[in-house]
Amino acid sequence: MNERKYLLLLIMVSLIIGMSWQTGQAQIIGDIRLSSVAVTLLPEFNHPCMLVITEIELDQNTPIPSEVIIQIPADARVIQVGNLEAEDRIFALDFSTLQVGNWQDIRFTDNTPAIQIEYTDPNLVMQEEQRLFEFQWLSIYTVDSLTMQVR
């Protein structure tokens, strides 16, 4: 009987810790705001796919460092995640990915408010001389300004 009470107590404590961790995560996400997002699409840059370069500037009130989660299509391949530094040099950041339905989350911790993410998207459709591509942006953060450039 004591073993059963101990097991029940252990399960309850684990649930409470799990719920508080999720609440903490939500608060962290709520503190992040994207001041600007600039997306550059480069069809067939090195391969028969779309190279997507996303430059993100965090709002000045976003705490640094912060854990950031950015969504990209599930079948995209991440090339690089980094912080932009002086003279447009990129400091590579460690990141992890997690597929969630038709999307994958890129999770990383930033060191500066300027972030660059590069990935290839295989969904570029080539029909003779025409190129068709549908770009979708999904974000869990508020974005003040979003611009796109296609080369």
# chains A, B, ... in the order shown; residues from 1 in each chain; ligands from 1
call {"tool": "select_by_dssp", "arguments": {"residues": "chain A", "states": "helix (DSSP H, G or I)", "output": "ChimeraX atom specification"}}
result
/A:2-30,86-88
call {"tool": "residues_around", "arguments": {"residues": "A:Ser145", "least_positions_apart": "5", "cutoff": "10 Å", "atoms": "only C-alpha atoms", "output": "list in words"}}
result
Leu34, Ser35, Ser36, Val37, Ala38, Ile56 and Glu57 of chain A
call {"tool": "residues_around", "arguments": {"residues": "A:Ala114", "least_positions_apart": "5", "cutoff": "8 Å", "atoms": "only C-alpha atoms", "output": "list in words"}}
result
Glu55, Ile56, Glu57, Leu58, Asn83, Leu84 and Glu85 of chain A
call {"tool": "residues_around", "arguments": {"residues": "A:Gln99", "least_positions_apart": "6", "cutoff": "10 Å", "atoms": "only C-alpha atoms", "output": "ChimeraX atom specification"}}
result
/A:71-75,105-106
call {"tool": "write_last_selection", "arguments": {"atoms": "all heavy atoms", "output": "PDB file, in the first residue's frame"}}
result
ATOM      1  N   GLN A  71       9.236  28.443 -37.661  1.00  0.00           N
ATOM      2  CA  GLN A  71       8.643  27.357 -38.430  1.00  0.00           C
ATOM      3  C   GLN A  71       9.033  27.463 -39.904  1.00  0.00           C
ATOM      4  O   GLN A  71       9.024  28.552 -40.475  1.00  0.00           O
ATOM      5  CB  GLN A  71       7.112  27.387 -38.329  1.00  0.00           C
ATOM      6  CG  GLN A  71       6.566  27.033 -36.977  1.00  0.00           C
ATOM      7  CD  GLN A  71       6.699  28.152 -35.962  1.00  0.00           C
ATOM      8  OE1 GLN A  71       6.737  29.314 -36.304  1.00  0.00           O
ATOM      9  NE2 GLN A  71       6.783  27.786 -34.701  1.00  0.00           N
ATOM     10  N   ILE A  72       9.366  26.302 -40.478  1.00  0.00           N
ATOM     11  CA  ILE A  72       9.617  26.192 -41.913  1.00  0.00           C
ATOM     12  C   ILE A  72       8.886  24.934 -42.394  1.00  0.00           C
ATOM     13  O   ILE A  72       8.486  24.096 -41.582  1.00  0.00           O
ATOM     14  CB  ILE A  72      11.127  26.130 -42.236  1.00  0.00           C
ATOM     15  CG1 ILE A  72      11.768  24.863 -41.669  1.00  0.00           C
ATOM     16  CG2 ILE A  72      11.832  27.386 -41.732  1.00  0.00           C
ATOM     17  CD1 ILE A  72      13.208  24.643 -42.132  1.00  0.00           C
ATOM     18  N   PRO A  73       8.702  24.768 -43.716  1.00  0.00           N
ATOM     19  CA  PRO A  73       8.014  23.571 -44.213  1.00  0.00           C
ATOM     20  C   PRO A  73       8.708  22.285 -43.766  1.00  0.00           C
ATOM     21  O   PRO A  73       9.936  22.235 -43.631  1.00  0.00           O
ATOM     22  CB  PRO A  73       8.083  23.739 -45.736  1.00  0.00           C
ATOM     23  CG  PRO A  73       8.209  25.215 -45.944  1.00  0.00           C
ATOM     24  CD  PRO A  73       9.032  25.706 -44.782  1.00  0.00           C
ATOM     25  N   ALA A  74       7.919  21.255 -43.553  1.00  0.00           N
ATOM     26  CA  ALA A  74       8.439  19.985 -43.027  1.00  0.00           C
ATOM     27  C   ALA A  74       9.471  19.348 -43.942  1.00  0.00           C
ATOM     28  O   ALA A  74      10.409  18.709 -43.467  1.00  0.00           O
ATOM     29  CB  ALA A  74       7.279  19.012 -42.787  1.00  0.00           C
ATOM     30  N   ASP A  75       9.331  19.527 -45.257  1.00  0.00           N
ATOM     31  CA  ASP A  75      10.277  18.878 -46.168  1.00  0.00           C
ATOM     32  C   ASP A  75      11.467  19.762 -46.532  1.00  0.00           C
ATOM     33  O   ASP A  75      12.290  19.400 -47.356  1.00  0.00           O
ATOM     34  CB  ASP A  75       9.564  18.376 -47.419  1.00  0.00           C
ATOM     35  CG  ASP A  75       8.725  19.442 -48.103  1.00  0.00           C
ATOM     36  OD1 ASP A  75       8.632  20.579 -47.587  1.00  0.00           O
ATOM     37  OD2 ASP A  75       8.144  19.141 -49.161  1.00  0.00           O
ATOM     38  N   ASP A 105       9.727  22.807 -36.607  1.00  0.00           N
ATOM     39  CA  ASP A 105      10.179  23.884 -35.737  1.00  0.00           C
ATOM     40  C   ASP A 105      11.700  23.859 -35.686  1.00  0.00           C
ATOM     41  O   ASP A 105      12.295  22.813 -35.440  1.00  0.00           O
ATOM     42  CB  ASP A 105       9.657  23.704 -34.305  1.00  0.00           C
ATOM     43  CG  ASP A 105       8.171  23.945 -34.178  1.00  0.00           C
ATOM     44  OD1 ASP A 105       7.552  24.468 -35.125  1.00  0.00           O
ATOM     45  OD2 ASP A 105       7.612  23.621 -33.114  1.00  0.00           O
ATOM     46  N   ILE A 106      12.303  25.019 -35.914  1.00  0.00           N
ATOM     47  CA  ILE A 106      13.735  25.190 -35.695  1.00  0.00           C
ATOM     48  C   ILE A 106      13.854  25.895 -34.356  1.00  0.00           C
ATOM     49  O   ILE A 106      13.314  26.979 -34.167  1.00  0.00           O
ATOM     50  CB  ILE A 106      14.387  26.060 -36.780  1.00  0.00           C
ATOM     51  CG1 ILE A 106      14.137  25.487 -38.169  1.00  0.00           C
ATOM     52  CG2 ILE A 106      15.889  26.198 -36.515  1.00  0.00           C
ATOM     53  CD1 ILE A 106      14.619  26.401 -39.276  1.00  0.00           C
TER      54      ILE A 106
END
call {"tool": "residues_around", "arguments": {"residues": "A:Arg33", "least_positions_apart": "2", "cutoff": "6 Å", "atoms": "only C-alpha atoms", "output": "ChimeraX atom specification"}}
result
/A:59,141-142
call {"tool": "write_last_selection", "arguments": {"atoms": "N, CA and C atoms", "output": "mmCIF file, in the first residue's frame"}}
result
data_model
loop_
_atom_site.group_PDB
_atom_site.id
_atom_site.type_symbol
_atom_site.label_atom_id
_atom_site.label_comp_id
_atom_site.auth_asym_id
_atom_site.auth_seq_id
_atom_site.Cartn_x
_atom_site.Cartn_y
_atom_site.Cartn_z
ATOM 1 N N ASP A 59 12.629 42.463 -31.643
ATOM 2 C CA ASP A 59 12.256 43.732 -31.041
ATOM 3 C C ASP A 59 13.258 44.087 -29.940
ATOM 4 N N TYR A 141 5.032 34.175 -33.173
ATOM 5 C CA TYR A 141 5.346 35.495 -32.628
ATOM 6 C C TYR A 141 4.657 36.583 -33.433
ATOM 7 N N THR A 142 4.471 37.714 -32.806
ATOM 8 C CA THR A 142 3.990 38.901 -33.500
ATOM 9 C C THR A 142 5.108 39.424 -34.389
#
call {"tool": "decode", "arguments": {"residues": "stretch 19-93 of chain A", "atoms": "C-alpha atoms", "output": "PDB file, in the first residue's frame"}}
result
ATOM      1  CA  MET A  19       2.785  21.786 -16.227  1.00  0.00           C
ATOM      2  CA  SER A  20       5.025  24.456 -14.705  1.00  0.00           C
ATOM      3  CA  TRP A  21       7.633  23.864 -17.427  1.00  0.00           C
ATOM      4  CA  GLN A  22       4.994  24.345 -20.129  1.00  0.00           C
ATOM      5  CA  THR A  23       3.784  27.531 -18.464  1.00  0.00           C
ATOM      6  CA  GLY A  24       7.355  28.820 -18.325  1.00  0.00           C
ATOM      7  CA  GLN A  25       7.793  28.089 -22.014  1.00  0.00           C
ATOM      8  CA  ALA A  26       4.632  29.997 -22.904  1.00  0.00           C
ATOM      9  CA  GLN A  27       5.883  33.018 -20.960  1.00  0.00           C
ATOM     10  CA  ILE A  28       9.186  32.924 -22.791  1.00  0.00           C
ATOM     11  CA  ILE A  29       7.401  32.771 -26.164  1.00  0.00           C
ATOM     12  CA  GLY A  30       5.168  35.696 -25.133  1.00  0.00           C
ATOM     13  CA  ASP A  31       8.240  37.870 -24.460  1.00  0.00           C
ATOM     14  CA  ILE A  32       9.517  37.553 -28.039  1.00  0.00           C
ATOM     15  CA  ARG A  33       8.439  39.942 -30.779  1.00  0.00           C
ATOM     16  CA  LEU A  34       9.886  40.128 -34.279  1.00  0.00           C
ATOM     17  CA  SER A  35      10.537  43.714 -35.277  1.00  0.00           C
ATOM     18  CA  SER A  36      11.217  42.767 -38.896  1.00  0.00           C
ATOM     19  CA  VAL A  37      11.394  39.696 -41.097  1.00  0.00           C
ATOM     20  CA  ALA A  38      12.977  39.908 -44.561  1.00  0.00           C
ATOM     21  CA  VAL A  39      12.601  36.842 -46.777  1.00  0.00           C
ATOM     22  CA  THR A  40      14.678  36.386 -49.923  1.00  0.00           C
ATOM     23  CA  LEU A  41      13.711  33.642 -52.391  1.00  0.00           C
ATOM     24  CA  LEU A  42      16.417  32.387 -54.745  1.00  0.00           C
ATOM     25  CA  PRO A  43      15.101  29.810 -57.247  1.00  0.00           C
ATOM     26  CA  GLU A  44      17.625  27.240 -58.472  1.00  0.00           C
ATOM     27  CA  PHE A  45      20.523  28.922 -56.664  1.00  0.00           C
ATOM     28  CA  ASN A  46      22.672  25.767 -56.384  1.00  0.00           C
ATOM     29  CA  HIS A  47      20.111  23.015 -56.843  1.00  0.00           C
ATOM     30  CA  PRO A  48      16.728  22.566 -58.535  1.00  0.00           C
ATOM     31  CA  CYS A  49      14.901  23.891 -55.468  1.00  0.00           C
ATOM     32  CA  MET A  50      14.204  27.207 -53.724  1.00  0.00           C
ATOM     33  CA  LEU A  51      16.836  28.695 -51.445  1.00  0.00           C
ATOM     34  CA  VAL A  52      15.104  30.699 -48.719  1.00  0.00           C
ATOM     35  CA  ILE A  53      17.075  33.220 -46.670  1.00  0.00           C
ATOM     36  CA  THR A  54      15.203  34.723 -43.738  1.00  0.00           C
ATOM     37  CA  GLU A  55      16.680  37.656 -41.837  1.00  0.00           C
ATOM     38  CA  ILE A  56      14.980  38.401 -38.531  1.00  0.00           C
ATOM     39  CA  GLU A  57      15.442  41.370 -36.239  1.00  0.00           C
ATOM     40  CA  LEU A  58      14.090  40.880 -32.732  1.00  0.00           C
ATOM     41  CA  ASP A  59      12.256  43.732 -31.041  1.00  0.00           C
ATOM     42  CA  GLN A  60      14.504  45.821 -28.785  1.00  0.00           C
ATOM     43  CA  ASN A  61      12.492  44.713 -25.733  1.00  0.00           C
ATOM     44  CA  THR A  62      13.118  41.006 -26.382  1.00  0.00           C
ATOM     45  CA  PRO A  63      15.504  39.609 -23.757  1.00  0.00           C
ATOM     46  CA  ILE A  64      18.838  38.340 -25.091  1.00  0.00           C
ATOM     47  CA  PRO A  65      19.559  35.474 -25.034  1.00  0.00           C
ATOM     48  CA  SER A  66      16.137  34.000 -25.790  1.00  0.00           C
ATOM     49  CA  GLU A  67      15.073  30.604 -26.998  1.00  0.00           C
ATOM     50  CA  VAL A  68      13.520  31.187 -30.418  1.00  0.00           C
ATOM     51  CA  ILE A  69      11.327  28.839 -32.458  1.00  0.00           C
ATOM     52  CA  ILE A  70      10.851  29.481 -36.184  1.00  0.00           C
ATOM     53  CA  GLN A  71       8.643  27.357 -38.430  1.00  0.00           C
ATOM     54  CA  ILE A  72       9.617  26.192 -41.913  1.00  0.00           C
ATOM     55  CA  PRO A  73       8.014  23.571 -44.213  1.00  0.00           C
ATOM     56  CA  ALA A  74       8.439  19.985 -43.027  1.00  0.00           C
ATOM     57  CA  ASP A  75      10.277  18.878 -46.168  1.00  0.00           C
ATOM     58  CA  ALA A  76      12.721  21.807 -46.138  1.00  0.00           C
ATOM     59  CA  ARG A  77      16.387  21.228 -45.325  1.00  0.00           C
ATOM     60  CA  VAL A  78      18.074  23.660 -42.962  1.00  0.00           C
ATOM     61  CA  ILE A  79      21.438  24.897 -44.197  1.00  0.00           C
ATOM     62  CA  GLN A  80      22.323  27.377 -41.474  1.00  0.00           C
ATOM     63  CA  VAL A  81      20.991  29.214 -38.435  1.00  0.00           C
ATOM     64  CA  GLY A  82      23.053  32.074 -37.119  1.00  0.00           C
ATOM     65  CA  ASN A  83      23.335  35.486 -35.579  1.00  0.00           C
ATOM     66  CA  LEU A  84      24.288  38.344 -37.880  1.00  0.00           C
ATOM     67  CA  GLU A  85      27.248  40.275 -36.567  1.00  0.00           C
ATOM     68  CA  ALA A  86      29.341  43.205 -37.756  1.00  0.00           C
ATOM     69  CA  GLU A  87      30.125  43.364 -41.483  1.00  0.00           C
ATOM     70  CA  ASP A  88      27.319  40.850 -42.183  1.00  0.00           C
ATOM     71  CA  ARG A  89      29.325  37.957 -40.749  1.00  0.00           C
ATOM     72  CA  ILE A  90      27.247  35.047 -39.527  1.00  0.00           C
ATOM     73  CA  PHE A  91      27.968  33.355 -36.203  1.00  0.00           C
ATOM     74  CA  ALA A  92      26.536  29.828 -36.523  1.00  0.00           C
ATOM     75  CA  LEU A  93      24.162  28.731 -33.762  1.00  0.00           C
TER      76      LEU A  93
END
